[in-house]
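Content type mmCIF, C-alpha atoms, from the file upload_16.cif:
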data_run
loop_
_atom_site.label_atom_id
_atom_site.label_comp_id
_atom_site.auth_asym_id
_atom_site.auth_seq_id
_atom_site.Cartn_x
_atom_site.Cartn_y
_atom_site.Cartn_z
CA ARG A 127 0.00 0.00 0.00
CA VAL A 128 2.86 2.42 0.72
CA LEU A 129 4.03 2.25 -2.90
CA GLY A 130 0.52 2.62 -4.30
CA TYR A 131 0.18 -0.94 -5.57
CA SER A 132 -2.96 -3.02 -5.32
CA LYS A 133 -2.97 -6.81 -5.27
CA TYR A 134 -5.95 -8.67 -6.73
CA ALA A 135 -6.31 -12.33 -5.81
CA GLU A 136 -9.15 -12.94 -8.24
CA PRO A 137 -10.13 -11.82 -11.74
CA ILE A 138 -11.38 -8.25 -11.99
CA GLY A 139 -13.98 -9.06 -14.66
CA PRO A 140 -14.41 -8.28 -18.34
CA ILE A 141 -11.77 -5.97 -19.78
CA ALA A 142 -12.18 -3.51 -22.65
CA GLY A 143 -9.20 -3.37 -24.99
CA ILE A 144 -8.95 -0.17 -27.04
CA VAL A 145 -6.63 -0.71 -30.02
CA PRO A 146 -5.00 1.94 -32.26
CA VAL A 147 -4.44 1.79 -35.99
CA THR A 148 -0.67 2.23 -35.61
CA ASN A 149 0.17 -1.18 -34.11
CA PRO A 150 -3.02 -3.24 -34.04
CA THR A 151 -1.82 -6.85 -34.14
CA SER A 152 0.88 -6.52 -31.48
CA THR A 153 -1.50 -4.56 -29.25
CA VAL A 154 -4.23 -7.20 -29.55
CA ILE A 155 -1.73 -9.96 -28.73
CA PHE A 156 -0.27 -8.06 -25.77
CA LYS A 157 -3.63 -7.10 -24.27
CA ALA A 158 -5.06 -10.61 -24.77
CA LEU A 159 -2.11 -12.08 -22.91
CA ILE A 160 -2.59 -9.62 -20.05
CA ALA A 161 -6.28 -10.54 -19.83
CA LEU A 162 -5.76 -14.30 -19.99
CA LYS A 163 -2.85 -14.31 -17.54
CA THR A 164 -5.10 -12.55 -15.04
CA ARG A 165 -8.02 -14.92 -15.77
CA ASN A 166 -10.16 -12.23 -17.39
CA CYS A 167 -11.95 -12.08 -20.71
CA ILE A 168 -11.34 -9.18 -23.09
CA LEU A 169 -13.50 -7.34 -25.60
CA PHE A 170 -11.50 -5.43 -28.21
CA SER A 171 -12.75 -2.19 -29.71
CA PRO A 172 -10.23 -1.32 -32.44
CA HIS A 173 -9.74 1.80 -34.49
CA PRO A 174 -12.07 1.47 -37.53
CA ALA A 175 -9.14 1.31 -39.97
CA ALA A 176 -7.71 -1.66 -38.05
CA ALA A 177 -10.97 -3.52 -37.42
CA ARG A 178 -10.40 -6.40 -39.86
CA VAL A 179 -6.86 -7.21 -38.79
CA CYS A 180 -7.82 -6.92 -35.11
CA ALA A 181 -10.79 -9.24 -35.57
CA TYR A 182 -8.60 -11.76 -37.40
CA THR A 183 -5.86 -11.61 -34.75
CA ALA A 184 -8.37 -11.86 -31.90
CA GLU A 185 -10.01 -14.89 -33.53
CA LEU A 186 -6.66 -16.68 -33.92
CA LEU A 187 -5.87 -16.01 -30.27
CA ARG A 188 -9.36 -17.09 -29.16
CA ARG A 189 -9.06 -20.41 -30.98
CA ALA A 190 -5.65 -21.10 -29.46
CA ALA A 191 -6.86 -20.13 -25.98
CA VAL A 192 -9.93 -22.38 -26.26
CA ARG A 193 -7.73 -25.29 -27.39
CA ALA A 194 -5.64 -24.67 -24.27
CA GLY A 195 -8.74 -24.80 -22.04
CA ALA A 196 -9.94 -21.19 -21.87
CA PRO A 197 -13.66 -20.35 -22.00
CA GLU A 198 -15.21 -20.23 -25.48
CA ASN A 199 -15.74 -16.46 -25.68
CA CYS A 200 -12.72 -15.30 -23.68
CA ILE A 201 -11.45 -13.04 -26.50
CA GLN A 202 -13.84 -11.04 -28.67
CA CYS A 203 -13.68 -8.09 -31.04
CA VAL A 204 -16.41 -5.66 -32.08
CA SER A 205 -16.47 -3.50 -35.19
CA SER A 206 -15.74 -0.09 -33.91
CA ASP A 207 -16.50 3.54 -34.42
CA ARG A 208 -16.33 6.31 -31.85
CA ASP A 209 -19.83 5.60 -30.50
CA THR A 210 -19.21 1.86 -30.19
CA ALA A 211 -15.90 2.45 -28.42
CA PHE A 212 -17.64 4.77 -25.95
CA SER A 213 -20.42 2.20 -25.42
CA VAL A 214 -17.83 -0.48 -24.66
CA LEU A 215 -15.98 1.81 -22.24
CA THR A 216 -19.08 2.74 -20.30
CA HIS A 217 -20.89 -0.61 -20.38
CA LYS A 218 -21.92 -1.74 -16.90
CA ASP A 219 -20.30 -5.16 -17.34
CA ILE A 220 -16.86 -3.83 -18.32
CA HIS A 221 -14.77 -3.61 -15.16
CA PHE A 222 -11.38 -2.44 -16.46
CA THR A 223 -9.95 -0.86 -19.60
CA LEU A 224 -6.60 -1.24 -21.33
CA ALA A 225 -6.37 1.58 -23.87
CA THR A 226 -3.72 2.48 -26.40
CA GLY A 227 -4.31 5.52 -28.57
CA GLY A 228 -4.23 9.25 -28.90
CA PRO A 229 -5.05 11.82 -26.22
CA GLY A 230 -8.78 11.81 -27.07
CA ILE A 231 -9.40 8.11 -26.47
CA VAL A 232 -7.00 7.85 -23.53
CA GLY A 233 -8.68 10.87 -21.92
CA ALA A 234 -12.12 9.32 -22.47
CA VAL A 235 -10.92 6.12 -20.83
CA TYR A 236 -9.77 7.97 -17.73
CA ARG A 237 -13.02 9.95 -17.60
CA SER A 238 -15.11 6.75 -17.84
CA GLY A 239 -15.06 6.35 -14.06
CA LYS A 240 -13.66 2.82 -14.25
CA PRO A 241 -10.18 1.53 -13.47
CA ALA A 242 -7.97 1.87 -16.53
CA ILE A 243 -4.49 1.90 -17.92
CA GLY A 244 -4.09 4.32 -20.82
CA VAL A 245 -1.06 4.56 -23.05
CA GLY A 246 -0.36 7.20 -25.69
CA PRO A 247 2.40 7.39 -28.29
CA GLY A 248 5.59 5.70 -27.24
CA ASN A 249 8.97 4.51 -28.31
CA ALA A 250 9.25 2.11 -31.20
CA PRO A 251 11.95 -0.53 -31.52
CA ALA A 252 14.75 0.08 -33.98
CA ILE A 253 16.89 -2.63 -35.54
CA VAL A 254 20.36 -1.68 -36.70
CA ASP A 255 22.04 -4.16 -39.04
CA GLU A 256 25.70 -5.03 -38.47
CA LEU A 257 26.59 -3.46 -41.83
CA ALA A 258 24.93 -0.11 -41.01
CA ASP A 259 26.84 3.14 -40.65
CA LEU A 260 26.42 3.41 -36.86
CA PRO A 261 26.78 7.22 -36.46
CA THR A 262 24.19 7.79 -39.21
CA ALA A 263 21.87 5.10 -37.82
CA VAL A 264 22.04 6.50 -34.29
CA SER A 265 21.43 10.04 -35.52
CA SER A 266 18.51 8.92 -37.69
CA ILE A 267 16.90 6.97 -34.85
CA ILE A 268 17.22 9.87 -32.42
CA LEU A 269 15.79 12.35 -34.94
CA SER A 270 12.89 10.07 -35.81
#
Take the structure in the file and write it out as structure tokens.
Amino acid sequence: RVLGYSKYAEPIGPIAGIVPVTNPTSTVIFKALIALKTRNCILFSPHPAAARVCAYTAELLRRAAVRAGAPENCIQCVSSDRDTAFSVLTHKDIHFTLATGGPGIVGAVYRSGKPAIGVGPGNAPAIVDELADLPTAVSSIILS
């Protein structure tokens, strides 16, 4: 308690997963793993431009999870627009939100009145090949 941490010994309940267009597949995979490792189901509400790839990724993960013994509908994805995303965030049966996106959606998540973790733009990995000009690569990565 002194450090501000909370420990939950049981699942928190259904989680909303807000997914951006910039990295949809990795975000769906990451958030699904968080949900399943904590024994929660997750409902993804992706950016409209990423809806198809998110639905496909979520379905692959759902099938694998079910084969491993998870409940049938543990991972789901809804077609999303702004109104649908807001409906998911504020639904009475959603108990927690994991959101990745711009300031608008992250702000809405925090204003929803429910526990949430919101993440905005962040650092992206950079791979530098052994044949690269290191000073140029480092400069380019920093400037990007």
Name the residues captured by the PyMOL selection byres ((chain A and resi 129-142) around 6) when it is applied to the shown file; answer as a PDB file with C-alpha atoms, in the frame of the given file.
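Writing done, so here's selection_11.pdb:
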ATOM      1  CA  ARG A 127       0.000   0.000   0.000  1.00  0.00           C
ATOM      2  CA  VAL A 128       2.860   2.420   0.720  1.00  0.00           C
ATOM      3  CA  GLY A 143      -9.200  -3.370 -24.990  1.00  0.00           C
ATOM      4  CA  ARG A 165      -8.020 -14.920 -15.770  1.00  0.00           C
ATOM      5  CA  ASN A 166     -10.160 -12.230 -17.390  1.00  0.00           C
ATOM      6  CA  CYS A 167     -11.950 -12.080 -20.710  1.00  0.00           C
ATOM      7  CA  ILE A 168     -11.340  -9.180 -23.090  1.00  0.00           C
ATOM      8  CA  LEU A 169     -13.500  -7.340 -25.600  1.00  0.00           C
ATOM      9  CA  PHE A 170     -11.500  -5.430 -28.210  1.00  0.00           C
ATOM     10  CA  ILE A 220     -16.860  -3.830 -18.320  1.00  0.00           C
ATOM     11  CA  HIS A 221     -14.770  -3.610 -15.160  1.00  0.00           C
ATOM     12  CA  PHE A 222     -11.380  -2.440 -16.460  1.00  0.00           C
ATOM     13  CA  THR A 223      -9.950  -0.860 -19.600  1.00  0.00           C
TER      14      THR A 223
END
Closest of A:Ile268, A:Ile144, A:Ala196, A:Ala181 to Thr226 of chain A - atom-to-atom distances counting only C-alpha atoms: A:Ile144
Atom-to-atom span, atom CA of Ala176 of chain A and atom CA of Ser266 of chain A, Å: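 Computing the Euclidean distance for atom CA of Ala176 of chain A and atom CA of Ser266 of chain A yields 28.3 Å.
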A:Ala191, A:Phe212, A:Pro251, A:Gly230 ranked by distance to Lys163 of chain A, top pick (using all atoms listed in the file): A:Ala191
Which of A:Ser213, A:Thr164, A:Thr262, A:Ser206 sits closest to Pro146 of chain A [using all atoms listed in the file]: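 Of the candidates, the smallest distance to Pro146 of chain A is held by A:Ser206.
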Distance criterion (only C-alpha atoms): nearest to Thr153 of chain A out of A:Val245, A:Ala175, A:Val214, A:Val232: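 Among the listed residues, the smallest separation from Thr153 of chain A belongs to A:Val245.
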Between atom CA of Pro174 of chain A and atom CA of His217 of chain A - distance in Å to one decimal: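 A separation of 19.4 Å between them.
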Interatomic distance (Å, one decimal) between atom CA of Pro172 of chain A and atom CA of Glu198 of chain A: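 Computing the Euclidean distance for atom CA of Pro172 of chain A and atom CA of Glu198 of chain A yields 20.8 Å.
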Residue nearest Val154 of chain A - candidates A:Gln202, A:Ala211, A:Gly244, A:Arg193, atoms counted: only C-alpha atoms: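 Counting only C-alpha atoms, the residue closest to Val154 of chain A is A:Gln202.
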Spatial neighbours of Ser152 of chain A, max dist 10 Å, all atoms listed in the file, sep filter under 5 positions, as a PyMOL selection string: chain A and resi 145+157-158+180+183
Nearest residue to Pro150 of chain A from the set A:Leu224, A:Ile253, A:Val179, A:Leu162 (distances using all atoms listed in the file):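 Going through A:Leu224, A:Ile253, A:Val179, A:Leu162 one by one, the smallest distance to Pro150 of chain A is for A:Val179.
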